[in-house]
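Contents: one structure, followed by commentary.
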Amino acid sequence: MKISRFKSGSVTLGAALMCATVLAGPVTAEDMALGPVVGPEINEAKAALGKRLFFDVRLSGDAAISCATCHQPDKAFTDGLALSLAYPGSKGFRNTPTLVNTTNAANWFHDGRLGTNLNDVTRESITEDYMMNMDMRLMQERIKQDPVYVEMFEAAGYGEPSNGSVRKAIPEYLKTLISKNAPFDTGTMSEAATRGQALFEGKAGCIQCHNGPRLTDDQAYNTGVPENPEIWGDPMRHMTYAAFASFMGVENYMNVRRDVGAQIIRHPADGSDIGKFNTPTLRELKYTAPYMHNGLMSTLAEVVAFYNMGGGLDENKDERLKPLGLTGGEQADLIAFLEALSGDPLTGPEYVWEDEIPTNYPAIENWREVPN
């Protein structure tokens, strides 16, 4: 299908905000061009190793959860929950984001606190106490005892298993998670979806922030999304948020009753970044409900209606966010376009480690004499 491009002056301000930057420089027309996602080159041996690691519960402290516990292939590598699970003994306070296409992201997590180095993202996800709570020194010793890993690390060119190589192999696997065969990309959209694309680029103004192949500018905005009261009503979730906020230097965090979002990056004294969250990708929306950083909206109809009203109420909400005046039919067409951005589920053997990962295996003979 024809690749759409943003033209200055052709889009009204609507559901998304103008691309005044928060975390980076101005966005160019080329950056905003819609089109298929192009994945990077992949080292197959390293990606295969990363895939096994992604589905291995031994990468968590008590061997209870794996990366795939919260990032499930049949849900576009989300978990279908409003608020994520977490390491046993705690609960999460944000919605699990998709991992599809995120190897091309400019930053990670809803608040954008980590940049493009997936080595860092992998390290934080494995070691953070409310995520997988793993001491990477222990993880290294666990995988060095597995003869399958010994062979796979060698085949991938990493030598003996090490935590540093784990942080390289998992990102190599994430490179394989690229959208494919979405109707938008294959030119097979319905008439309703085609009308929805025109609204997306025109009257609704969504393209102003939802642009580029992944349909996100990777910038943070406050659109007035209400707080999810479960975060503050469930002691397990509140405990997790308080621990996170303490580590991130959130002022008066024990008395805060909102997710401050991107405020943790620059900590402006006037609190002007409170409530700002990264523009989410619109790819694979059919599989990734509930929506928003806190999972507060269950359907795309709720999301479109929210922005059609001009967003929510918040003292930091960007003043450029205004009601759209979309009719019921126009909202339905817009939803049809959003659904056309979802492709084939990434659930085949090239994306999922299907073999059993045994945790009991014969001890190494003469283990006292074998170099560790």
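Naming scheme: A, B, ... for chains in displayed order of the structure tokens; residues 1 onward per chain; ligands 1 onward as shown.
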Val303 in chain A environment, 12 Å, only C-alpha atoms, sequence neighbours closer than 2 positions dropped, as a PyMOL selection string: chain A and resi 15-16+223+225+282+285+289-292+295-301+305-312+331-332+334-335+338
Restrict the calculation to only C-alpha atoms, then for each residue of range 131-214 of chain A with any atom at most 12 Å from an atom of range 91-102 of chain A give the closest atom pair and their distance in Å to one decimal, rows by chain and rising residue number, as a tab-separated table.
residue	atom	partner	partner_atom	distance
A:Met131	CA	A:Gly92	CA	8.2
A:Met132	CA	A:Gly92	CA	11.6
A:Ile170	CA	A:Leu99	CA	11.8
A:Pro171	CA	A:Thr102	CA	10.0
A:Glu172	CA	A:Thr102	CA	11.8
A:Tyr173	CA	A:Leu99	CA	10.7
A:Leu174	CA	A:Leu99	CA	7.3
A:Lys175	CA	A:Asn101	CA	7.5
A:Thr176	CA	A:Asn101	CA	8.5
A:Leu177	CA	A:Val100	CA	4.9
A:Ile178	CA	A:Asn101	CA	4.8
A:Ser179	CA	A:Asn101	CA	6.6
A:Lys180	CA	A:Val100	CA	10.1
A:Gly212	CA	A:Asn101	CA	11.9
A:Pro213	CA	A:Asn101	CA	9.4
A:Arg214	CA	A:Asn101	CA	7.1
Restricted to N, CA and C atoms, what would the selected residues look like written as a PDB file, in the first residue's frame?
ATOM      1  N   MET A 131      10.840  -7.492  39.595  1.00  0.00           N
ATOM      2  CA  MET A 131      10.688  -8.144  38.297  1.00  0.00           C
ATOM      3  C   MET A 131      11.101  -9.616  38.405  1.00  0.00           C
ATOM      4  N   MET A 132      12.416  -9.898  38.287  1.00  0.00           N
ATOM      5  CA  MET A 132      12.847 -11.290  38.369  1.00  0.00           C
ATOM      6  C   MET A 132      13.785 -11.560  39.538  1.00  0.00           C
ATOM      7  N   ILE A 170      19.623 -12.366  24.823  1.00  0.00           N
ATOM      8  CA  ILE A 170      18.188 -12.066  24.886  1.00  0.00           C
ATOM      9  C   ILE A 170      17.823 -10.920  23.949  1.00  0.00           C
ATOM     10  N   PRO A 171      18.586  -9.810  23.903  1.00  0.00           N
ATOM     11  CA  PRO A 171      18.283  -8.776  22.909  1.00  0.00           C
ATOM     12  C   PRO A 171      18.348  -9.277  21.467  1.00  0.00           C
ATOM     13  N   GLU A 172      19.223 -10.252  21.194  1.00  0.00           N
ATOM     14  CA  GLU A 172      19.284 -10.797  19.837  1.00  0.00           C
ATOM     15  C   GLU A 172      17.991 -11.534  19.513  1.00  0.00           C
ATOM     16  N   TYR A 173      17.432 -12.219  20.489  1.00  0.00           N
ATOM     17  CA  TYR A 173      16.131 -12.869  20.296  1.00  0.00           C
ATOM     18  C   TYR A 173      15.033 -11.834  20.089  1.00  0.00           C
ATOM     19  N   LEU A 174      15.071 -10.732  20.836  1.00  0.00           N
ATOM     20  CA  LEU A 174      14.041  -9.697  20.688  1.00  0.00           C
ATOM     21  C   LEU A 174      14.035  -9.110  19.281  1.00  0.00           C
ATOM     22  N   LYS A 175      15.166  -9.153  18.597  1.00  0.00           N
ATOM     23  CA  LYS A 175      15.217  -8.660  17.228  1.00  0.00           C
ATOM     24  C   LYS A 175      14.327  -9.468  16.288  1.00  0.00           C
ATOM     25  N   THR A 176      14.005 -10.695  16.659  1.00  0.00           N
ATOM     26  CA  THR A 176      13.161 -11.533  15.798  1.00  0.00           C
ATOM     27  C   THR A 176      11.689 -11.178  15.919  1.00  0.00           C
ATOM     28  N   LEU A 177      11.313 -10.414  16.946  1.00  0.00           N
ATOM     29  CA  LEU A 177       9.902 -10.126  17.213  1.00  0.00           C
ATOM     30  C   LEU A 177       9.473  -8.885  16.438  1.00  0.00           C
ATOM     31  N   ILE A 178       9.228  -9.068  15.153  1.00  0.00           N
ATOM     32  CA  ILE A 178       8.863  -7.987  14.249  1.00  0.00           C
ATOM     33  C   ILE A 178       7.482  -8.285  13.656  1.00  0.00           C
ATOM     34  N   SER A 179       6.629  -7.268  13.624  1.00  0.00           N
ATOM     35  CA  SER A 179       5.286  -7.431  13.061  1.00  0.00           C
ATOM     36  C   SER A 179       5.351  -7.970  11.639  1.00  0.00           C
ATOM     37  N   LYS A 180       4.384  -8.830  11.308  1.00  0.00           N
ATOM     38  CA  LYS A 180       4.335  -9.339   9.942  1.00  0.00           C
ATOM     39  C   LYS A 180       2.886  -9.544   9.500  1.00  0.00           C
ATOM     40  N   GLY A 212       5.666   7.066  12.277  1.00  0.00           N
ATOM     41  CA  GLY A 212       6.760   6.146  12.026  1.00  0.00           C
ATOM     42  C   GLY A 212       6.253   4.727  11.868  1.00  0.00           C
ATOM     43  N   PRO A 213       7.103   3.782  11.483  1.00  0.00           N
ATOM     44  CA  PRO A 213       6.666   2.398  11.275  1.00  0.00           C
ATOM     45  C   PRO A 213       6.007   1.758  12.496  1.00  0.00           C
ATOM     46  N   ARG A 214       6.472   2.109  13.699  1.00  0.00           N
ATOM     47  CA  ARG A 214       5.886   1.544  14.916  1.00  0.00           C
ATOM     48  C   ARG A 214       4.709   2.372  15.428  1.00  0.00           C
TER      49      ARG A 214
END
Surrounding residues of Glu227 in chain A excluding itself and chain neighbours under 2 positions, 9 Å, only C-alpha atoms, as a PyMOL selection string: chain A and resi 224-225+229-231+257-259+294+296
Selected residues, N, CA and C atoms, written as a PDB file, in the first residue's frame, please.
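Below you can see part_9.pdb, which holds the result:
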ATOM      1  N   GLY A 224      -3.842  13.080  30.497  1.00  0.00           N
ATOM      2  CA  GLY A 224      -4.907  13.059  31.488  1.00  0.00           C
ATOM      3  C   GLY A 224      -5.498  11.695  31.768  1.00  0.00           C
ATOM      4  N   VAL A 225      -4.739  10.630  31.503  1.00  0.00           N
ATOM      5  CA  VAL A 225      -5.241   9.286  31.813  1.00  0.00           C
ATOM      6  C   VAL A 225      -5.451   9.182  33.323  1.00  0.00           C
ATOM      7  N   PRO A 229      -6.947   3.041  40.608  1.00  0.00           N
ATOM      8  CA  PRO A 229      -6.992   3.010  42.081  1.00  0.00           C
ATOM      9  C   PRO A 229      -6.460   1.722  42.686  1.00  0.00           C
ATOM     10  N   GLU A 230      -6.393   0.656  41.882  1.00  0.00           N
ATOM     11  CA  GLU A 230      -5.896  -0.607  42.423  1.00  0.00           C
ATOM     12  C   GLU A 230      -4.440  -0.489  42.881  1.00  0.00           C
ATOM     13  N   ILE A 231      -3.687   0.395  42.236  1.00  0.00           N
ATOM     14  CA  ILE A 231      -2.282   0.561  42.615  1.00  0.00           C
ATOM     15  C   ILE A 231      -2.169   1.026  44.058  1.00  0.00           C
ATOM     16  N   ARG A 257       0.155   9.520  45.661  1.00  0.00           N
ATOM     17  CA  ARG A 257      -0.923   8.620  45.251  1.00  0.00           C
ATOM     18  C   ARG A 257      -1.165   8.738  43.755  1.00  0.00           C
ATOM     19  N   ARG A 258      -0.064   8.835  43.020  1.00  0.00           N
ATOM     20  CA  ARG A 258      -0.150   8.797  41.572  1.00  0.00           C
ATOM     21  C   ARG A 258       1.172   8.309  41.011  1.00  0.00           C
ATOM     22  N   ASP A 259       1.124   7.757  39.819  1.00  0.00           N
ATOM     23  CA  ASP A 259       2.328   7.341  39.123  1.00  0.00           C
ATOM     24  C   ASP A 259       2.904   8.573  38.449  1.00  0.00           C
ATOM     25  N   ASN A 294      -1.490   2.097  32.706  1.00  0.00           N
ATOM     26  CA  ASN A 294      -2.007   1.452  33.912  1.00  0.00           C
ATOM     27  C   ASN A 294      -3.171   0.509  33.627  1.00  0.00           C
ATOM     28  N   LEU A 296      -6.063   0.897  32.384  1.00  0.00           N
ATOM     29  CA  LEU A 296      -7.367   1.346  32.858  1.00  0.00           C
ATOM     30  C   LEU A 296      -8.466   1.207  31.809  1.00  0.00           C
TER      31      LEU A 296
END
Nearest residue to Val370 in chain A from the set A:Gly115, A:Lys144, A:Ala86, A:Cys70 (distances using only C-alpha atoms): A:Lys144
Who sits within 10 Å of Thr122 in chain A, only C-alpha atoms, same chain under 6 positions skipped, as number ranges by chain: A: 67, 166-171
Selected residues, all heavy atoms, written as an mmCIF file, in the first residue's frame, please.
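This is the output file selection36.cif:
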data_model
loop_
_atom_site.group_PDB
_atom_site.id
_atom_site.type_symbol
_atom_site.label_atom_id
_atom_site.label_comp_id
_atom_site.auth_asym_id
_atom_site.auth_seq_id
_atom_site.Cartn_x
_atom_site.Cartn_y
_atom_site.Cartn_z
ATOM 1 N N CYS A 67 10.949 -14.600 31.590
ATOM 2 C CA CYS A 67 10.542 -13.397 30.846
ATOM 3 C C CYS A 67 9.170 -13.609 30.215
ATOM 4 O O CYS A 67 8.337 -12.692 30.154
ATOM 5 C CB CYS A 67 11.560 -13.078 29.762
ATOM 6 S SG CYS A 67 13.265 -12.866 30.319
ATOM 7 N N VAL A 166 24.419 -13.433 28.452
ATOM 8 C CA VAL A 166 22.959 -13.481 28.582
ATOM 9 C C VAL A 166 22.360 -12.141 28.174
ATOM 10 O O VAL A 166 21.347 -12.066 27.461
ATOM 11 C CB VAL A 166 22.550 -13.835 30.029
ATOM 12 C CG1 VAL A 166 21.038 -13.626 30.232
ATOM 13 C CG2 VAL A 166 22.918 -15.276 30.348
ATOM 14 N N ARG A 167 23.010 -11.057 28.611
ATOM 15 C CA ARG A 167 22.503 -9.717 28.307
ATOM 16 C C ARG A 167 22.669 -9.357 26.835
ATOM 17 O O ARG A 167 22.101 -8.362 26.380
ATOM 18 C CB ARG A 167 23.196 -8.679 29.192
ATOM 19 C CG ARG A 167 22.997 -8.917 30.684
ATOM 20 C CD ARG A 167 23.304 -7.670 31.497
ATOM 21 N NE ARG A 167 24.595 -7.089 31.204
ATOM 22 C CZ ARG A 167 25.729 -7.391 31.827
ATOM 23 N NH1 ARG A 167 25.715 -8.316 32.786
ATOM 24 N NH2 ARG A 167 26.859 -6.797 31.516
ATOM 25 N N LYS A 168 23.426 -10.147 26.108
ATOM 26 C CA LYS A 168 23.545 -9.953 24.665
ATOM 27 C C LYS A 168 22.606 -10.882 23.899
ATOM 28 O O LYS A 168 22.051 -10.492 22.862
ATOM 29 C CB LYS A 168 24.989 -10.212 24.222
ATOM 30 C CG LYS A 168 26.003 -9.253 24.804
ATOM 31 C CD LYS A 168 27.418 -9.653 24.393
ATOM 32 C CE LYS A 168 28.458 -8.727 25.017
ATOM 33 N NZ LYS A 168 29.852 -9.160 24.677
ATOM 34 N N ALA A 169 22.435 -12.095 24.397
ATOM 35 C CA ALA A 169 21.652 -13.088 23.662
ATOM 36 C C ALA A 169 20.157 -12.782 23.685
ATOM 37 O O ALA A 169 19.470 -12.935 22.665
ATOM 38 C CB ALA A 169 21.913 -14.481 24.242
ATOM 39 N N ILE A 170 19.623 -12.366 24.823
ATOM 40 C CA ILE A 170 18.188 -12.066 24.886
ATOM 41 C C ILE A 170 17.823 -10.920 23.949
ATOM 42 O O ILE A 170 16.832 -11.016 23.201
ATOM 43 C CB ILE A 170 17.752 -11.799 26.336
ATOM 44 C CG1 ILE A 170 17.815 -13.102 27.148
ATOM 45 C CG2 ILE A 170 16.337 -11.222 26.379
ATOM 46 C CD1 ILE A 170 17.455 -12.948 28.608
ATOM 47 N N PRO A 171 18.586 -9.810 23.903
ATOM 48 C CA PRO A 171 18.283 -8.776 22.909
ATOM 49 C C PRO A 171 18.348 -9.277 21.467
ATOM 50 O O PRO A 171 17.600 -8.803 20.610
ATOM 51 C CB PRO A 171 19.342 -7.712 23.176
ATOM 52 C CG PRO A 171 19.656 -7.861 24.629
ATOM 53 C CD PRO A 171 19.606 -9.342 24.865
#
Distance criterion (only C-alpha atoms): nearest to Gly61 in chain A out of A:Tyr130, A:Trp108, A:Phe244, A:Phe77: A:Tyr130
Spatial neighbours of range 184-200 of chain A, max dist 9 Å, only C-alpha atoms, sep filter under 4 positions, as a PyMOL selection string: chain A and resi 1-2+11+15+35-37+180+204-207+330-343
Residue neighbourhood Thr116 in chain A, 10 Å, only C-alpha atoms, exclusion window fewer than 2 positions, as a PyMOL selection string: chain A and resi 102-108+112+114+118-121
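Distances here use only C-alpha atoms; by that measure, the residue among A:Gln140, A:Gln72, A:His293, A:Ala63 closest to Ser162 in chain A is A:Gln140.
Using only C-alpha atoms, the nearest neighbour of Tyr158 in chain A within the list A:Phe277, A:Lys46, A:Gly233, A:Glu369 is A:Lys46.
In this model, the gap between CA of Ala47 in chain A and CA of Asp217 in chain A comes to 27.2 Å.
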Strand (DSSP E or B) positions in range 139-311 of chain A, given as a ChimeraX atom specification: /A:220-221,261,276-278,291,297
Convert the current residue selection to file output with N, CA and C atoms, as a PDB file, in the first residue's frame.
ATOM      1  N   ALA A 220       7.249  11.487  25.614  1.00  0.00           N
ATOM      2  CA  ALA A 220       6.360  11.396  26.775  1.00  0.00           C
ATOM      3  C   ALA A 220       5.419  12.593  26.837  1.00  0.00           C
ATOM      4  N   TYR A 221       4.136  12.319  27.077  1.00  0.00           N
ATOM      5  CA  TYR A 221       3.120  13.367  27.175  1.00  0.00           C
ATOM      6  C   TYR A 221       2.152  13.047  28.315  1.00  0.00           C
ATOM      7  N   GLY A 261       5.385   8.926  36.432  1.00  0.00           N
ATOM      8  CA  GLY A 261       5.824   8.773  35.059  1.00  0.00           C
ATOM      9  C   GLY A 261       7.206   9.337  34.791  1.00  0.00           C
ATOM     10  N   LYS A 276       3.453  12.275  32.742  1.00  0.00           N
ATOM     11  CA  LYS A 276       3.810  12.086  31.338  1.00  0.00           C
ATOM     12  C   LYS A 276       4.268  10.650  31.126  1.00  0.00           C
ATOM     13  N   PHE A 277       3.763  10.042  30.049  1.00  0.00           N
ATOM     14  CA  PHE A 277       4.150   8.679  29.712  1.00  0.00           C
ATOM     15  C   PHE A 277       4.406   8.591  28.215  1.00  0.00           C
ATOM     16  N   ASN A 278       5.250   7.644  27.855  1.00  0.00           N
ATOM     17  CA  ASN A 278       5.631   7.491  26.462  1.00  0.00           C
ATOM     18  C   ASN A 278       4.425   7.183  25.579  1.00  0.00           C
ATOM     19  N   TYR A 291      -5.456  -1.372  27.794  1.00  0.00           N
ATOM     20  CA  TYR A 291      -4.607  -0.326  27.250  1.00  0.00           C
ATOM     21  C   TYR A 291      -4.276   0.743  28.287  1.00  0.00           C
ATOM     22  N   MET A 297      -8.122   1.047  30.546  1.00  0.00           N
ATOM     23  CA  MET A 297      -9.127   0.970  29.488  1.00  0.00           C
ATOM     24  C   MET A 297      -9.078  -0.399  28.838  1.00  0.00           C
TER      25      MET A 297
END
Test item: residues at most 9 Å from Pro161 in chain A, only C-alpha atoms, excluding those fewer than 4 positions along its chain, as JSON, numbers by chain: {"A": [140, 141, 143, 144, 149, 150, 152, 153, 154, 165, 166]}
